[in-house]
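Here's run30.txt, which has compact mmCIF, C-alpha atoms and all ligand atoms:
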```txt
# COMPACT_ATOMS: atom_id res chain seq x y z
CA MET P 1 7.46 16.00 18.73
CA ASN P 2 10.49 13.87 17.94
CA ARG P 3 10.08 12.43 14.42
CA LYS P 4 13.58 10.98 14.08
CA PRO P 5 13.24 7.43 12.73
CA PRO P 6 13.62 5.18 15.73
CA ARG P 7 15.81 2.15 16.14
CA CYS P 8 14.07 -1.13 16.71
CA ASP P 9 15.50 -4.50 17.73
CA ILE P 10 13.53 -7.62 16.80
CA PHE P 11 14.57 -10.83 18.53
CA CYS P 12 13.70 -14.11 16.85
CA LYS P 13 14.30 -17.71 17.86
CA VAL P 14 13.50 -20.25 15.20
CA ILE P 15 11.46 -23.00 16.86
CA ASP P 16 11.08 -25.01 13.67
CA ASN P 17 10.24 -24.63 9.99
CA PHE P 18 10.14 -21.17 8.38
CA GLY P 19 7.35 -19.23 10.06
CA ASP P 20 9.22 -17.57 12.91
CA ALA P 21 11.93 -16.20 10.62
CA ALA P 22 9.38 -15.45 7.88
CA VAL P 23 7.16 -13.26 10.07
CA CYS P 24 10.08 -11.45 11.71
CA TRP P 25 11.68 -10.75 8.37
CA ARG P 26 8.48 -9.47 6.82
CA LEU P 27 7.92 -7.11 9.74
CA SER P 28 11.55 -5.93 9.83
CA ARG P 29 11.62 -5.20 6.13
CA GLN P 30 8.35 -3.33 6.18
CA LEU P 31 9.32 -1.18 9.17
CA CYS P 32 12.53 -0.20 7.36
CA ARG P 33 11.15 0.31 3.89
CA GLU P 34 7.79 1.87 4.65
CA HIS P 35 8.34 3.64 7.94
CA GLY P 36 12.03 4.48 7.76
CA TRP P 37 12.81 2.67 11.02
CA LYS P 38 16.31 1.35 11.61
CA VAL P 39 15.67 -2.29 12.33
CA ARG P 40 18.12 -4.83 13.63
CA LEU P 41 16.91 -8.42 13.37
CA LEU P 42 18.65 -10.64 15.90
CA ILE P 43 18.02 -14.21 14.89
CA ASP P 44 19.50 -17.48 16.11
CA ARG P 45 19.20 -19.19 12.70
CA PRO P 46 20.12 -16.75 9.91
CA ASP P 47 20.44 -19.80 7.64
CA VAL P 48 16.62 -20.11 7.64
CA LEU P 49 16.40 -16.51 6.52
CA ASP P 50 18.83 -17.19 3.68
CA LYS P 51 16.32 -19.64 2.18
CA LEU P 52 13.50 -17.12 2.32
CA VAL P 53 15.49 -14.08 1.22
CA PRO P 54 18.37 -14.87 -1.11
CA ASN P 55 19.46 -11.21 -1.17
CA VAL P 56 19.36 -10.27 2.51
CA SER P 57 22.40 -8.00 2.25
CA SER P 58 20.69 -5.78 -0.35
CA GLU P 59 17.84 -5.01 2.09
CA PRO P 60 17.90 -2.18 4.66
CA VAL P 61 17.43 -4.57 7.62
CA ILE P 62 20.54 -5.23 9.73
CA VAL P 63 20.66 -8.96 10.39
CA GLU P 64 22.77 -10.29 13.26
CA LYS P 65 23.19 -13.80 14.48
CA TRP P 66 21.96 -14.03 18.04
CA ASP P 67 22.99 -16.91 20.20
CA GLY P 68 19.61 -17.17 21.89
CA ALA P 69 20.79 -19.83 24.31
CA SER P 70 23.66 -18.06 26.02
CA GLY P 71 22.56 -14.48 25.47
CA CYS P 72 25.09 -11.81 24.65
CA CYS P 73 26.09 -8.38 25.72
CA PHE P 74 23.86 -5.48 24.58
CA THR P 75 24.75 -2.15 26.08
CA ASN P 76 22.72 0.05 23.77
CA PRO P 77 19.12 -1.20 23.55
CA ALA P 78 16.78 0.32 20.97
CA PRO P 79 13.76 2.42 22.01
CA ILE P 80 11.61 -0.41 20.64
CA ALA P 81 12.41 -4.02 21.49
CA ILE P 82 10.25 -6.75 20.03
CA GLU P 83 10.52 -10.29 21.25
CA ALA P 84 8.86 -12.52 18.73
CA PHE P 85 6.66 -15.35 19.91
CA GLY P 86 7.79 -15.22 23.52
CA CYS P 87 11.50 -15.72 22.87
CA ASP P 88 13.01 -14.19 25.99
CA LEU P 89 15.23 -11.13 25.66
CA PRO P 90 18.83 -11.62 26.83
CA LYS P 91 19.35 -10.64 30.47
CA SER P 92 22.11 -8.16 29.59
CA TYR P 93 19.73 -6.41 27.20
CA ILE P 94 16.97 -6.17 29.83
CA ASP P 95 19.47 -4.85 32.37
CA ALA P 96 20.49 -2.11 29.95
CA MET P 97 16.83 -1.23 29.28
CA ILE P 98 16.30 -0.31 32.95
CA SER P 99 18.40 2.83 32.77
CA MET P 100 16.79 4.15 29.58
CA ALA P 101 14.70 7.29 29.63
CA PRO P 102 12.08 7.30 28.36
CA GLN P 103 11.44 3.64 28.96
CA PRO P 104 11.69 1.55 25.82
CA LEU P 105 8.58 0.10 24.23
CA TRP P 106 8.93 -3.62 24.89
CA LEU P 107 6.56 -5.75 22.84
CA ASN P 108 5.91 -9.44 22.72
CA LEU P 109 4.72 -10.23 19.20
CA GLU P 110 2.34 -13.16 19.59
CA TYR P 111 1.07 -15.86 17.26
CA LEU P 112 -1.91 -15.12 15.02
CA THR P 113 -5.32 -16.30 16.06
CA ALA P 114 -8.89 -15.56 14.97
CA GLU P 115 -10.17 -16.35 18.46
CA SER P 116 -12.12 -13.48 20.00
CA TRP P 117 -9.92 -13.25 23.11
CA ALA P 118 -7.19 -11.72 20.93
CA ASP P 119 -9.33 -8.54 20.87
CA ASP P 120 -9.13 -8.30 24.66
CA CYS P 121 -5.50 -9.36 25.03
CA HIS P 122 -3.97 -7.16 22.34
CA GLY P 123 -2.19 -4.25 24.00
CA LEU P 124 -2.33 -5.68 27.53
CA GLU P 125 0.66 -4.84 29.65
CA SER P 126 2.62 -7.01 32.01
CA ARG P 127 4.79 -5.40 34.67
CA HIS P 128 8.11 -7.08 35.25
CA PRO P 129 7.96 -8.78 38.67
CA GLN P 130 11.28 -7.31 39.85
CA LEU P 131 12.32 -4.57 37.45
CA PRO P 132 10.75 -1.21 36.60
CA LEU P 133 9.84 -2.38 33.09
CA VAL P 134 6.58 -3.07 31.29
CA LYS P 135 6.03 -5.49 28.41
CA PHE P 136 3.06 -5.17 26.05
CA PHE P 137 1.37 -8.02 24.23
CA PHE P 138 0.89 -7.44 20.53
CA PHE P 139 -1.60 -9.85 18.99
CA PRO P 140 -1.92 -10.05 15.21
CA GLY P 141 -5.50 -10.68 14.20
CA PHE P 142 -8.46 -10.06 11.96
CA THR P 143 -10.24 -7.20 13.72
CA ASP P 144 -9.58 -3.53 14.40
CA LYS P 145 -9.04 -4.32 18.08
CA THR P 146 -6.04 -6.57 17.35
CA GLY P 147 -2.64 -5.81 15.86
CA GLY P 148 -3.85 -6.68 12.34
CA LEU P 149 -2.01 -8.59 9.63
CA LEU P 150 1.27 -8.01 7.83
CA ARG P 151 0.66 -6.56 4.36
CA GLU P 152 3.12 -4.49 2.37
CA ALA P 153 2.04 -1.16 0.90
CA ASP P 154 3.01 -2.31 -2.61
CA TYR P 155 1.15 -5.62 -2.38
CA GLU P 156 -1.70 -4.69 -4.75
CA GLN P 157 0.64 -3.10 -7.21
CA ARG P 158 2.84 -6.21 -7.31
CA ARG P 159 -0.17 -8.42 -7.83
CA ASN P 160 -1.55 -6.25 -10.60
CA SER P 161 1.73 -6.37 -12.49
CA PHE P 162 2.13 -10.15 -12.12
CA ASP P 163 2.08 -12.01 -15.43
CA PRO P 164 1.16 -15.70 -14.99
CA ALA P 165 2.56 -16.54 -18.45
CA ASP P 166 6.02 -15.32 -17.39
CA PHE P 167 5.87 -17.46 -14.27
CA ARG P 168 4.81 -20.53 -16.25
CA ARG P 169 7.59 -19.99 -18.77
CA GLU P 170 10.24 -19.50 -16.09
CA PHE P 171 9.33 -22.71 -14.28
CA GLY P 172 8.66 -24.84 -17.38
CA LEU P 173 4.91 -25.15 -16.76
CA PRO P 174 2.71 -25.74 -19.82
CA ASP P 175 0.82 -22.70 -21.07
CA ASN P 176 -1.65 -24.97 -22.90
CA GLU P 177 -3.27 -26.86 -20.01
CA PRO P 178 -6.57 -28.61 -20.87
CA PRO P 179 -9.49 -26.23 -20.35
CA GLU P 180 -10.85 -26.17 -16.81
CA THR P 181 -7.62 -27.50 -15.35
CA LEU P 182 -7.37 -26.61 -11.68
CA THR P 183 -3.95 -25.33 -10.67
CA ILE P 184 -3.30 -26.02 -7.01
CA SER P 185 -0.30 -25.07 -4.89
CA LEU P 186 0.48 -27.45 -2.05
CA PHE P 187 2.51 -26.42 1.00
CA SER P 188 1.72 -28.57 4.03
CA TYR P 189 3.25 -30.40 6.96
CA PRO P 190 4.14 -34.05 6.44
CA THR P 191 0.88 -35.95 6.86
CA PRO P 192 -0.34 -39.52 6.44
CA LEU P 193 -3.37 -37.99 4.71
CA LEU P 194 -1.40 -36.97 1.64
CA PRO P 195 -1.98 -40.27 -0.23
CA GLN P 196 -5.74 -39.82 0.29
CA LEU P 197 -5.59 -36.32 -1.11
CA ILE P 198 -3.59 -37.53 -4.10
CA THR P 199 -6.17 -40.26 -4.74
CA ALA P 200 -9.01 -37.74 -4.58
CA TRP P 201 -7.20 -35.48 -7.04
CA ALA P 202 -6.25 -38.34 -9.36
CA ASP P 203 -9.92 -39.42 -9.53
CA SER P 204 -11.12 -35.90 -10.20
CA PRO P 205 -13.44 -35.22 -13.17
CA LEU P 206 -11.35 -32.10 -13.83
CA SER P 207 -7.64 -32.14 -14.66
CA ILE P 208 -5.56 -31.01 -11.71
CA HIS P 209 -2.07 -29.59 -11.87
CA ALA P 210 -0.51 -29.62 -8.41
CA LEU P 211 2.53 -27.38 -7.92
CA LEU P 212 4.81 -28.42 -5.08
CA PRO P 213 7.23 -25.72 -3.95
CA GLY P 214 10.33 -27.06 -2.28
CA SER P 215 9.60 -30.65 -3.32
CA THR P 216 12.45 -32.90 -4.42
CA ASP P 217 10.05 -35.30 -6.16
CA THR P 218 10.10 -35.69 -9.95
CA ALA P 219 7.20 -34.54 -12.11
CA HIS P 220 4.65 -37.30 -12.70
CA LYS P 221 1.05 -38.00 -13.62
CA ILE P 222 -1.59 -40.13 -11.87
CA GLY P 223 -5.05 -40.23 -13.49
CA SER P 224 -6.34 -36.67 -13.76
CA LEU P 225 -3.48 -35.35 -11.67
CA THR P 226 -0.15 -33.91 -12.77
CA LEU P 227 2.36 -33.23 -10.00
CA SER P 228 5.12 -30.71 -10.67
CA PRO P 229 7.86 -29.92 -8.16
CA LEU P 230 9.02 -26.31 -8.02
CA PRO P 231 12.05 -24.90 -6.27
CA PHE P 232 11.52 -23.39 -2.83
CA LEU P 233 10.76 -19.83 -3.90
CA PRO P 234 12.04 -16.64 -2.32
CA GLN P 235 9.42 -15.26 0.06
CA GLN P 236 8.46 -12.41 -2.27
CA ARG P 237 7.99 -14.81 -5.16
CA TYR P 238 5.90 -17.28 -3.16
CA ASP P 239 3.09 -14.72 -3.54
CA GLU P 240 3.30 -15.25 -7.29
CA LEU P 241 2.57 -18.95 -6.90
CA LEU P 242 -0.48 -18.10 -4.78
CA TRP P 243 -1.73 -15.62 -7.40
CA LEU P 244 -1.20 -18.14 -10.19
CA SER P 245 -3.05 -21.00 -8.50
CA ASP P 246 -6.82 -21.56 -8.35
CA ILE P 247 -6.64 -23.12 -4.88
CA ASN P 248 -3.83 -22.79 -2.34
CA PHE P 249 -3.03 -25.35 0.31
CA VAL P 250 -1.04 -23.45 2.94
CA ARG P 251 0.14 -23.99 6.49
CA GLY P 252 1.40 -22.40 9.69
CA GLU P 253 0.93 -18.66 9.89
CA ASP P 254 2.58 -16.57 7.20
CA SER P 255 1.63 -18.60 4.11
CA PHE P 256 -1.90 -18.81 5.57
CA VAL P 257 -2.14 -15.01 5.65
CA ARG P 258 -0.60 -14.63 2.19
CA ALA P 259 -3.18 -17.03 0.74
CA GLN P 260 -5.96 -14.90 2.18
CA LEU P 261 -4.44 -11.76 0.68
CA ALA P 262 -4.21 -13.57 -2.68
CA GLY P 263 -8.03 -13.77 -2.71
CA LYS P 264 -8.19 -17.41 -3.77
CA PRO P 265 -9.90 -20.36 -2.06
CA LEU P 266 -7.53 -21.85 0.47
CA VAL P 267 -7.07 -24.95 2.58
CA TRP P 268 -5.18 -24.47 5.84
CA HIS P 269 -2.90 -27.04 7.40
CA ILE P 270 -2.71 -25.56 10.85
CA TYR P 271 0.41 -26.00 13.00
CA PRO P 272 -0.49 -29.05 15.09
CA GLN P 273 -0.65 -28.80 18.87
CA ASP P 274 -1.01 -31.44 21.57
CA GLU P 275 -4.47 -32.93 22.05
CA PHE P 276 -5.80 -31.12 18.96
CA ALA P 277 -5.77 -27.75 20.76
CA HIS P 278 -5.25 -26.14 17.36
CA ILE P 279 -8.72 -27.18 16.22
CA ALA P 280 -10.32 -24.41 18.33
CA LYS P 281 -8.14 -21.93 16.45
CA LEU P 282 -9.16 -23.42 13.13
CA ASP P 283 -12.85 -23.27 14.10
CA ALA P 284 -12.51 -19.63 15.12
CA PHE P 285 -11.17 -18.73 11.70
CA LEU P 286 -13.86 -20.72 9.87
CA GLN P 287 -16.49 -18.83 11.85
CA ARG P 288 -15.10 -15.50 10.72
CA TYR P 289 -14.61 -16.45 7.09
CA PRO P 290 -17.61 -15.75 4.81
CA THR P 291 -18.09 -19.37 3.61
CA GLY P 292 -16.38 -21.14 6.49
CA ASN P 293 -19.16 -23.71 6.71
CA LYS P 294 -18.55 -24.80 3.11
CA MET P 295 -14.82 -25.18 3.73
CA GLU P 296 -15.08 -26.89 7.08
CA PRO P 297 -15.42 -30.52 5.93
CA LEU P 298 -12.23 -30.41 3.86
CA TRP P 299 -10.29 -28.34 6.39
CA LYS P 300 -11.28 -30.74 9.18
CA ALA P 301 -10.50 -33.81 7.11
CA TRP P 302 -7.08 -32.35 6.26
CA ASN P 303 -6.27 -31.51 9.88
CA LEU P 304 -7.83 -34.30 11.94
CA ALA P 305 -6.42 -37.79 12.36
CA PRO P 306 -6.71 -40.08 9.32
CA GLY P 307 -10.17 -41.64 9.20
CA ALA P 308 -11.69 -39.07 11.57
CA SER P 309 -13.40 -37.25 8.73
CA PRO P 310 -13.73 -38.41 5.09
CA LEU P 311 -11.28 -36.53 2.89
CA TYR P 312 -12.36 -37.87 -0.50
CA SER P 313 -15.98 -36.70 -0.33
CA ALA P 314 -14.93 -33.46 1.41
CA TRP P 315 -12.67 -32.63 -1.53
CA ARG P 316 -15.49 -33.33 -4.01
CA SER P 317 -17.87 -31.08 -2.17
CA PHE P 318 -15.23 -28.31 -1.83
CA VAL P 319 -14.69 -28.31 -5.60
CA SER P 320 -18.42 -28.28 -6.30
CA GLU P 321 -18.60 -25.04 -4.27
CA LEU P 322 -15.73 -23.34 -6.09
CA PRO P 323 -17.74 -20.47 -7.66
CA THR P 324 -19.08 -19.54 -4.22
CA LEU P 325 -15.67 -20.01 -2.60
CA ASN P 326 -14.07 -17.78 -5.21
CA GLN P 327 -16.51 -14.97 -4.46
CA ALA P 328 -16.00 -15.38 -0.73
CA ALA P 329 -12.21 -15.35 -1.10
CA LYS P 330 -12.38 -12.07 -3.00
CA ALA P 331 -14.76 -10.53 -0.47
CA TRP P 332 -12.50 -11.62 2.41
CA GLN P 333 -9.44 -10.26 0.65
CA GLN P 334 -11.18 -6.90 0.23
CA THR P 335 -12.13 -6.86 3.89
CA LEU P 336 -8.50 -7.46 4.87
CA THR P 337 -7.16 -4.94 2.39
CA ARG P 338 -9.37 -2.21 3.88
CA GLN P 339 -7.81 -2.78 7.30
CA THR P 340 -4.69 -1.04 8.54
CA ASP P 341 -1.72 -3.39 8.30
CA LEU P 342 0.21 -4.70 11.29
CA ALA P 343 3.37 -2.63 10.80
CA SER P 344 1.35 0.60 10.61
CA ARG P 345 -0.54 -0.32 13.79
CA LEU P 346 2.76 -0.98 15.53
CA VAL P 347 4.17 2.37 14.43
CA LYS P 348 1.01 4.09 15.69
CA LEU P 349 1.34 2.36 19.06
CA TYR P 350 4.92 3.53 19.36
CA ARG P 351 4.01 7.12 18.51
CA GLU P 352 1.15 7.17 20.97
CA ARG P 353 3.22 5.78 23.81
CA LEU P 354 6.61 7.35 23.37
CA GLU P 355 6.45 10.55 21.41
O1 LIG X 1 7.03 -22.93 7.89
P1 LIG X 1 5.81 -22.84 8.69
O2 LIG X 1 5.19 -24.09 9.06
O3 LIG X 1 6.11 -21.99 9.93
C1 LIG X 1 5.63 -21.97 11.23
C2 LIG X 1 6.52 -22.68 12.16
O4 LIG X 1 6.13 -24.01 12.25
C3 LIG X 1 6.44 -21.97 13.46
O5 LIG X 1 7.15 -22.60 14.46
C4 LIG X 1 5.00 -21.82 13.85
O6 LIG X 1 4.99 -21.13 14.99
C5 LIG X 1 4.27 -21.08 12.78
O7 LIG X 1 4.38 -21.76 11.55
C6 LIG X 1 2.81 -20.89 13.09
O8 LIG X 1 4.68 -22.00 7.87
P2 LIG X 1 4.51 -20.45 7.55
O9 LIG X 1 4.20 -19.68 8.76
O10 LIG X 1 3.55 -20.40 6.46
O11 LIG X 1 5.92 -19.99 7.01
C7 LIG X 1 6.40 -20.39 5.77
C8 LIG X 1 7.10 -19.26 5.08
O12 LIG X 1 7.81 -19.75 3.96
C9 LIG X 1 6.14 -18.20 4.54
O13 LIG X 1 6.72 -16.91 4.68
C10 LIG X 1 6.06 -18.52 3.07
C11 LIG X 1 7.47 -18.98 2.82
N1 LIG X 1 7.68 -19.77 1.62
C12 LIG X 1 8.57 -19.30 0.68
O14 LIG X 1 9.14 -18.22 0.84
N2 LIG X 1 8.82 -20.03 -0.44
C13 LIG X 1 8.20 -21.21 -0.68
O15 LIG X 1 8.45 -21.84 -1.72
C14 LIG X 1 7.27 -21.67 0.31
C15 LIG X 1 6.56 -22.98 0.08
C16 LIG X 1 7.03 -20.94 1.44
```
Can the structure in the file be given as structure tokens, please?
Ligand code: TRH
Amino acid sequence: MNRKPPRCDIFCKVIDNFGDAAVCWRLSRQLCREHGWKVRLLIDRPDVLDKLVPNVSSEPVIVEKWDGASGCCFTNPAPIAIEAFGCDLPKSYIDAMISMAPQPLWLNLEYLTAESWADDCHGLESRHPQLPLVKFFFFPGFTDKTGGLLREADYEQRRNSFDPADFRREFGLPDNEPPETLTISLFSYPTPLLPQLITAWADSPLSIHALLPGSTDTAHKIGSLTLSPLPFLPQQRYDELLWLSDINFVRGEDSFVRAQLAGKPLVWHIYPQDEFAHIAKLDAFLQRYPTGNKMEPLWKAWNLAPGASPLYSAWRSFVSELPTLNQAAKAWQQTLTRQTDLASRLVKLYRERLE
């Protein structure tokens, strides 16, 4: 059996925001560091990566700018080619794949969903209509039948050695907050609902300290609420903010998963789709999560159109359930931690198919 570490090309087109680059980077880094693969990340917007990973050049991943629009010449495809989120591989690369023996493992890494169809669609193959090539669909997900979730092998160890006092000192946060202050991290899409959330927090019977990564606002106080901007943190250090906070407002895909791994109550701002198609995805997750029913009013209020669902009362009821939500978050985190991570499942798939 050939155990030589394989080469792998990961193609990434940044549609918007950080998530596409964030997921591809996390996977690339883990395949290199934990599985010894030689990964080349071909990305159309390396500048997005620079924000997430200030020290890219010190990592084992080879990053190359890929002009996704015009394609480029690739004469030496890797035995594993991953196209992230349906970004099409360049024609010259596909042409070169045809003459490879054995055939390369060609994967389409899909978006995460908790919907049950992911169980059935993970691993499905699609034969190229003209060429003798097969592409497999790799669906991240929450069950053993899916591709799983990205989680580094040293995640627990990093969390156990995290010192919240160091983080507070470094970012000028007070270490003498009033007792029972809730620390909340807020990472969301622009939304007209934000003023309503701020009002609910400002009226809160508890003090709230909201930490705003990447915000250019100045620190200020409104009623019970203190708002503190933080710099946009490197991806590795964003975990620290999630560990420090009592509640994490997250969005998209990668920060959503990281908040679950952090084992703290979370509020998800899902990536919006036309005609509220994303709400089915949100519902599917709430159904899987141990206390989804208790989180639903706030999650819906935060994701539906303003006025569709009352945010103020939903926030109050969410906070009143915090002890239960804390327990559920820990239980969910343990469930996820017991599962095999996405990179390991991908490596297993490769070994089963090609070696
Ligand atoms: O940025 P996102 O909204 O990304 C996306 C994109 O919209 C994408 O097109 C869509 O398909 C996908 O979501 C579902 O949210 P996400 O996925 O959470 O990615 C943000 C990344 O940024 C994540 O890795 C965490 C990281 N991050 C930092 O590294 N530092 C920070 O300070 C913050 C706030 C986030």
Give me the residues within 10 Å of segment 234-244 of chain P as a ChimeraX atom specification, counting all atoms listed in the file and dropping any in the same chain fewer than 6 places off.
-> /P:22,25-26,49-55,155,158-160,162-165,167-168,183-186,211-213,250,254-255,258-264,266
Near-Val267 of chain P list (12 Å; all atoms listed in the file; drop same-chain fewer than 6 positions) as a VMD selection string | chain P and resid 184 to 188 246 to 252 255 to 257 259 to 260 282 285 to 286 292 294 to 303 314 to 315 318 to 319 325 329
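Of the residues listed (P:Arg7, P:Phe18, P:His209, P:Glu34), P:Arg7 shows the shortest atom-to-atom separation from Pro77 of chain P; distances use all atoms listed in the file.
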Contacts of segment 223-225 of chain P within 9 Å, only C-alpha atoms, excl. fewer than 6 positions in-chain, as a PyMOL selection string = chain P and resi 198-199+201-210
Could you state the separation of atom CA of Leu311 of chain P and atom CA of Pro192 of chain P in Å, given to one decimal place?
-> 11.9 Å
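You can rank P:Ile15, P:Leu227, P:Cys8, P:Ala343 by their closest distance to ligand LIG 1 (chain X) using all atoms listed in the file, and at the top of that list sits P:Ile15.
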With 3 Å of padding per side, what axis-aligned box (centre and edge lengths, Å, one decimal) covers all the listed atoms of segment 182-187 of chain P? Give it as lines of an AutoDock Vina configuration file.
```
center_x = -2.4
center_y = -26.3
center_z = -5.3
size_x = 15.9
size_y = 8.4
size_z = 18.7
```
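Atom to atom, atom CA of Leu133 of chain P and atom CA of Ile94 of chain P stand 8.7 Å apart.
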I want to know what sits within 10 Å of segment 348-355 of chain P, based on all atoms listed in the file, with residues of the same chain fewer than 2 positions away left out; could you give that as a short mmCIF file (atom, residue, chain, number, x, y, z; two decimals) with C-alpha atoms, keeping the file's coordinate frame?
```cif
data_model
loop_
_atom_site.label_atom_id
_atom_site.label_comp_id
_atom_site.auth_asym_id
_atom_site.auth_seq_id
_atom_site.Cartn_x
_atom_site.Cartn_y
_atom_site.Cartn_z
CA MET P 1 7.46 16.00 18.73
CA ASN P 2 10.49 13.87 17.94
CA ARG P 3 10.08 12.43 14.42
CA PRO P 6 13.62 5.18 15.73
CA PRO P 79 13.76 2.42 22.01
CA ILE P 80 11.61 -0.41 20.64
CA PRO P 102 12.08 7.30 28.36
CA GLN P 103 11.44 3.64 28.96
CA PRO P 104 11.69 1.55 25.82
CA LEU P 105 8.58 0.10 24.23
CA TRP P 106 8.93 -3.62 24.89
CA GLY P 123 -2.19 -4.25 24.00
CA PHE P 138 0.89 -7.44 20.53
CA GLY P 147 -2.64 -5.81 15.86
CA LEU P 342 0.21 -4.70 11.29
CA ALA P 343 3.37 -2.63 10.80
CA SER P 344 1.35 0.60 10.61
CA ARG P 345 -0.54 -0.32 13.79
CA LEU P 346 2.76 -0.98 15.53
#
```
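Distances here use all atoms listed in the file; by that measure, the residue among P:Gly86, P:Pro265, P:Gly148, P:Gly172 closest to ligand LIG 1 (chain X) is P:Gly86.
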Between atom CA of Arg40 of chain P and atom CA of Ser99 of chain P, what is the spacing in Å?
-> 20.6 Å
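Of the residues under consideration (P:Thr191, P:Ser116, P:Gln157, P:Thr335), P:Ser116 shows the shortest atom-to-atom contact distance to Lys145 of chain P when counting all atoms listed in the file.
Compared by their closest atoms to Asp88 of chain P, and using only C-alpha atoms, the residues P:Trp332, P:Phe232, P:Trp66, P:Tyr189 rank with P:Trp66 nearest.
Nearest to ligand LIG 1 (chain X) of all the residues P:Pro190, P:Pro5, P:Pro310, P:Pro323 is P:Pro190, based on all atoms listed in the file.
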Polymer residues at most 7 Å from Asn76 of chain P, all atoms listed in the file, same-chain spacing of 2 or more positions, as a ChimeraX atom specification | /P:74,78,96
Ref. answer, residues at most 10 Å from (11.5, -5.9, 9.6) with all atoms listed in the file, as an MDAnalysis selection string | chainID P and resid 8:10 22:34 37:41 59:63 343
